[in-house]
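Okay, upload-v8.cif now, which holds mmCIF, C-alpha atoms:
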data_structure
#
loop_
_atom_site.label_atom_id
_atom_site.label_comp_id
_atom_site.auth_asym_id
_atom_site.auth_seq_id
_atom_site.Cartn_x
_atom_site.Cartn_y
_atom_site.Cartn_z
CA MET A 11 -8.71 19.97 18.67
CA ILE A 12 -5.90 20.80 16.27
CA ILE A 13 -2.25 20.45 17.21
CA VAL A 14 0.00 23.18 15.86
CA SER A 15 3.69 22.47 15.43
CA ASN A 16 6.26 23.95 13.07
CA LYS A 17 3.69 25.77 10.91
CA TYR A 18 1.95 22.45 10.37
CA HIS A 19 -1.66 21.91 11.40
CA GLU A 20 -2.76 18.37 12.22
CA PRO A 21 -6.45 17.56 12.46
CA ILE A 22 -5.63 14.71 14.84
CA THR A 23 -4.15 14.74 18.33
CA LYS A 24 -1.62 12.28 19.70
CA HIS A 25 -4.22 10.95 22.10
CA VAL A 26 -6.77 10.30 19.34
CA LEU A 27 -4.08 8.78 17.14
CA HIS A 28 -2.99 6.45 19.95
CA SER A 29 -6.62 5.43 20.58
CA LEU A 30 -7.22 4.71 16.90
CA TYR A 31 -3.99 2.73 16.68
CA THR A 32 -4.96 0.64 19.71
CA GLU A 33 -8.45 0.05 18.28
CA VAL A 34 -7.07 -1.08 14.92
CA MET A 35 -4.45 -3.35 16.51
CA VAL A 36 -7.05 -5.03 18.73
CA LEU A 37 -9.37 -5.52 15.74
CA ALA A 38 -6.49 -6.86 13.61
CA ASP A 39 -5.56 -9.35 16.31
CA GLU A 40 -9.18 -10.42 16.70
CA ALA A 41 -9.58 -10.82 12.91
CA ARG A 42 -6.34 -12.79 12.61
CA ALA A 43 -7.37 -15.17 15.37
CA TYR A 44 -10.87 -15.62 13.98
CA PHE A 45 -9.86 -16.18 10.36
CA GLU A 46 -7.06 -18.57 11.38
CA ARG A 47 -9.57 -20.71 13.31
CA LYS A 48 -11.96 -20.74 10.37
CA GLN A 49 -9.46 -21.81 7.70
CA ASP A 50 -10.92 -25.28 7.31
CA HIS A 51 -13.32 -24.76 4.39
CA LYS A 52 -13.92 -28.47 3.72
CA ALA A 53 -17.14 -28.54 5.73
CA ILE A 54 -18.79 -25.58 3.95
CA ALA A 55 -20.12 -24.97 0.45
CA PRO A 56 -17.50 -23.86 -2.12
CA GLU A 57 -19.29 -20.54 -2.79
CA LEU A 58 -19.28 -19.71 0.91
CA ALA A 59 -15.62 -20.73 1.22
CA ILE A 60 -14.70 -18.37 -1.62
CA SER A 61 -16.74 -15.52 -0.13
CA PHE A 62 -15.18 -16.18 3.26
CA SER A 63 -11.65 -16.09 1.82
CA CYS A 64 -12.28 -12.95 -0.23
CA GLU A 65 -13.88 -11.05 2.63
CA SER A 66 -11.17 -12.08 5.09
CA LEU A 67 -8.56 -10.72 2.65
CA LYS A 68 -10.49 -7.45 2.35
CA VAL A 69 -10.66 -7.11 6.14
CA THR A 70 -6.93 -7.80 6.40
CA THR A 71 -6.14 -5.31 3.64
CA ARG A 72 -8.21 -2.56 5.28
CA LEU A 73 -6.58 -3.18 8.64
CA MET A 74 -3.01 -3.38 7.30
CA HIS A 75 -3.45 -0.13 5.34
CA SER A 76 -4.89 1.43 8.48
CA ILE A 77 -1.96 0.29 10.62
CA ALA A 78 0.60 1.53 8.10
CA TRP A 79 -1.11 4.91 7.84
CA LEU A 80 -1.43 5.27 11.61
CA LEU A 81 2.25 4.41 12.09
CA SER A 82 3.33 7.07 9.59
CA GLU A 83 1.08 9.63 11.30
CA LYS A 84 2.52 8.66 14.69
CA ALA A 85 6.03 9.19 13.27
CA ILE A 86 5.06 12.63 11.99
CA LEU A 87 3.41 13.71 15.25
CA SER A 88 6.36 12.48 17.30
CA GLY A 89 8.78 14.38 15.07
CA GLU A 90 10.53 11.30 13.68
CA ILE A 91 9.51 12.27 10.14
CA SER A 92 8.70 15.75 8.91
CA PRO A 93 5.45 16.02 6.95
CA GLU A 94 7.39 17.70 4.16
CA LYS A 95 9.47 14.53 3.64
CA LEU A 96 6.41 12.56 2.69
CA SER A 97 4.80 13.38 -0.62
CA SER A 98 1.03 13.64 -0.48
CA HIS A 99 0.83 10.31 -2.33
CA ASN A 100 3.01 8.52 0.25
CA ARG A 101 0.95 10.03 3.03
CA GLU A 102 -2.38 8.81 1.74
CA LEU A 103 -4.23 5.89 3.24
CA GLY A 104 -3.80 2.90 0.91
CA HIS A 105 -6.74 1.75 -1.18
CA ALA A 106 -8.78 -1.15 0.13
CA PRO A 107 -11.63 -2.71 -1.86
CA GLU A 108 -15.13 -2.56 -0.48
CA SER A 109 -16.81 -5.69 0.74
CA ASP A 110 -19.60 -7.26 -1.26
CA ALA A 111 -22.80 -6.87 0.75
CA GLN A 112 -24.32 -10.07 -0.67
CA SER A 113 -21.23 -12.12 0.21
CA VAL A 114 -21.05 -10.64 3.70
CA LYS A 115 -24.67 -11.65 4.41
CA LEU A 116 -23.68 -15.29 3.85
CA LEU A 117 -20.90 -15.18 6.44
CA PRO A 118 -21.18 -16.17 10.11
CA ALA A 119 -22.21 -13.38 12.47
CA HIS A 120 -18.72 -12.79 13.88
CA ALA A 121 -17.21 -12.54 10.40
CA GLN A 122 -19.91 -9.98 9.52
CA TYR A 123 -18.98 -8.04 12.64
CA LEU A 124 -15.28 -8.02 11.66
CA VAL A 125 -16.10 -6.85 8.13
CA SER A 126 -18.32 -4.08 9.47
CA GLU A 127 -15.84 -2.89 12.09
CA SER A 128 -12.96 -2.86 9.60
CA GLU A 129 -15.10 -0.80 7.19
CA VAL A 130 -16.05 1.67 9.94
CA ILE A 131 -12.47 2.27 11.11
CA TYR A 132 -11.18 2.46 7.53
CA ALA A 133 -13.87 5.04 6.60
CA ARG A 134 -12.99 7.08 9.69
CA LEU A 135 -9.30 7.08 8.73
CA LYS A 136 -10.18 8.02 5.14
CA ARG A 137 -12.01 11.11 6.44
CA ILE A 138 -9.07 12.07 8.66
CA ASN A 139 -6.63 11.43 5.80
CA ALA A 140 -8.67 13.67 3.47
CA GLN A 141 -8.68 16.42 6.08
CA ILE A 142 -4.91 16.13 6.57
CA LEU A 143 -4.27 16.25 2.83
CA SER A 144 -6.57 19.25 2.51
CA GLU A 145 -4.71 21.07 5.31
CA SER A 146 -1.40 20.11 3.73
CA LYS A 147 -2.39 21.56 0.35
CA LYS A 148 -3.59 24.78 1.97
CA SER A 149 -0.29 25.24 3.78
CA LYS A 150 1.96 24.59 0.76
CA PRO A 151 3.46 27.69 -0.76
CA LEU A 152 2.78 28.16 -4.47
CA PRO A 153 6.42 27.75 -5.63
CA HIS A 154 6.54 24.37 -3.89
CA GLU A 155 3.44 23.25 -5.78
CA LEU A 156 4.94 24.36 -9.08
CA MET A 157 8.15 22.45 -8.41
CA GLU A 158 6.15 19.36 -7.52
CA ARG A 159 4.24 19.62 -10.81
CA LEU A 160 7.49 19.98 -12.77
CA GLN A 161 9.01 16.97 -11.04
CA LYS A 162 5.96 14.85 -11.81
CA ALA A 163 5.99 15.94 -15.47
CA PHE A 164 9.57 14.81 -16.00
#
Taking this structure as input, can you express it in the form of structure tokens?
Amino acid sequence: MIIVSNKYHEPITKHVLHSLYTEVMVLADEARAYFERKQDHKAIAPELAISFSCESLKVTTRLMHSIAWLLSEKAILSGEISPEKLSSHNRELGHAPESDAQSVKLLPAHAQYLVSESEVIYARLKRINAQILSESKKSKPLPHELMERLQKAF
């Protein structure tokens, strides 16, 4: 379902956005609690401790980018920010590095689950983000695009 408001087409509804936000917040809380409990790396091999730290940072990065993106989308859908006020760059989902499959295999089962779930939700948001940006570019009038190019050049 596409919401239409002020000549702007959103490929995401408020209900779906709220559900995604709730899902990401629950996962972020679960990841925070898990990785806080597992901070004592003295009892594990140094290679595993490094992998654990790196992958926990990647999970956190994916989730924080997801939360920031969802909050900006919520602000747009609620009318707090107009989509025109955000450049396409500011509207994009932030980059998050992919997890290393070999490192993830070494992690405890629950850490693997958190990595996997954060990758799934991040990939879903990337697809939605791409669709939104595509819609946004289709709806921009040509003179606006030319002005944007000129501003970027200087």
Can you work out the spacing between atom CA of A:Arg137 and atom CA of A:Gly104 in Å, to one decimal?
12.9 Å
Go ahead and compute the interatomic distance for atom CA of A:Asn139 and atom CA of A:Ser92, in Å to one decimal.
16.2 Å
Using the chain letters and residue numbers of this document, give as number ranges by chain the residues selected by the PyMOL selection byres ((chain A and resi 60) around 12).
A: 49-52, 54-59, 61-67, 113-114, 116-117
Let's have the selection written as an mmCIF file, keeping the file's coordinate frame, with C-alpha atoms.
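Generated output (result.cif):
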data_model
loop_
_atom_site.group_PDB
_atom_site.id
_atom_site.type_symbol
_atom_site.label_atom_id
_atom_site.label_comp_id
_atom_site.auth_asym_id
_atom_site.auth_seq_id
_atom_site.Cartn_x
_atom_site.Cartn_y
_atom_site.Cartn_z
ATOM 1 C CA GLN A 49 -9.460 -21.810 7.700
ATOM 2 C CA ASP A 50 -10.920 -25.280 7.310
ATOM 3 C CA HIS A 51 -13.320 -24.760 4.390
ATOM 4 C CA LYS A 52 -13.920 -28.470 3.720
ATOM 5 C CA ILE A 54 -18.790 -25.580 3.950
ATOM 6 C CA ALA A 55 -20.120 -24.970 0.450
ATOM 7 C CA PRO A 56 -17.500 -23.860 -2.120
ATOM 8 C CA GLU A 57 -19.290 -20.540 -2.790
ATOM 9 C CA LEU A 58 -19.280 -19.710 0.910
ATOM 10 C CA ALA A 59 -15.620 -20.730 1.220
ATOM 11 C CA SER A 61 -16.740 -15.520 -0.130
ATOM 12 C CA PHE A 62 -15.180 -16.180 3.260
ATOM 13 C CA SER A 63 -11.650 -16.090 1.820
ATOM 14 C CA CYS A 64 -12.280 -12.950 -0.230
ATOM 15 C CA GLU A 65 -13.880 -11.050 2.630
ATOM 16 C CA SER A 66 -11.170 -12.080 5.090
ATOM 17 C CA LEU A 67 -8.560 -10.720 2.650
ATOM 18 C CA SER A 113 -21.230 -12.120 0.210
ATOM 19 C CA VAL A 114 -21.050 -10.640 3.700
ATOM 20 C CA LEU A 116 -23.680 -15.290 3.850
ATOM 21 C CA LEU A 117 -20.900 -15.180 6.440
#
Write out as a ChimeraX atom specification each polymer residue whose atoms come within 8 Å of A:Leu37, counting only C-alpha atoms; drop sequence neighbours fewer than 5 positions from it.
/A:73,124,127-128
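Neighbouring residues of A:Ala106 at 12 Å or closer, counting all atoms listed in the file and skipping chain neighbours under 6 positions away, are Glu65, Leu67, Lys68, Val69, Thr70, Thr71, Arg72, Leu73, Met74, His75, Ser76, Ser128, Glu129, Tyr132, Ala133, Leu135 and Lys136 of chain A.
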Resulting file, chosen residues, C-alpha atoms, as a short mmCIF file (atom, residue, chain, number, x, y, z; two decimals), in the coordinates of the input:
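Result written to again16.cif:
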data_model
loop_
_atom_site.label_atom_id
_atom_site.label_comp_id
_atom_site.auth_asym_id
_atom_site.auth_seq_id
_atom_site.Cartn_x
_atom_site.Cartn_y
_atom_site.Cartn_z
CA GLU A 65 -13.88 -11.05 2.63
CA LEU A 67 -8.56 -10.72 2.65
CA LYS A 68 -10.49 -7.45 2.35
CA VAL A 69 -10.66 -7.11 6.14
CA THR A 70 -6.93 -7.80 6.40
CA THR A 71 -6.14 -5.31 3.64
CA ARG A 72 -8.21 -2.56 5.28
CA LEU A 73 -6.58 -3.18 8.64
CA MET A 74 -3.01 -3.38 7.30
CA HIS A 75 -3.45 -0.13 5.34
CA SER A 76 -4.89 1.43 8.48
CA SER A 128 -12.96 -2.86 9.60
CA GLU A 129 -15.10 -0.80 7.19
CA TYR A 132 -11.18 2.46 7.53
CA ALA A 133 -13.87 5.04 6.60
CA LEU A 135 -9.30 7.08 8.73
CA LYS A 136 -10.18 8.02 5.14
#
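The space separating atom CA of A:Thr23 from atom CA of A:Pro93 comes to 14.9 Å.
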Name the residues that the PyMOL selection byres ((chain A and resi 25-33) around 8) picks from the file above, as a list of chain:residue names, using the file's chain letters and numbers.
A:Ile22, A:Thr23, A:Lys24, A:Val34, A:Met35, A:Val36, A:Leu37, A:Ile77, A:Leu80, A:Leu81, A:Glu83, A:Lys84
How would you write as a ChimeraX atom specification the residues that get within 12 Å of (-0.9, 7.6, -0.8) in the file's frame, counting only C-alpha atoms?
/A:75-76,78-79,82,96-106,136,139-140,142-143
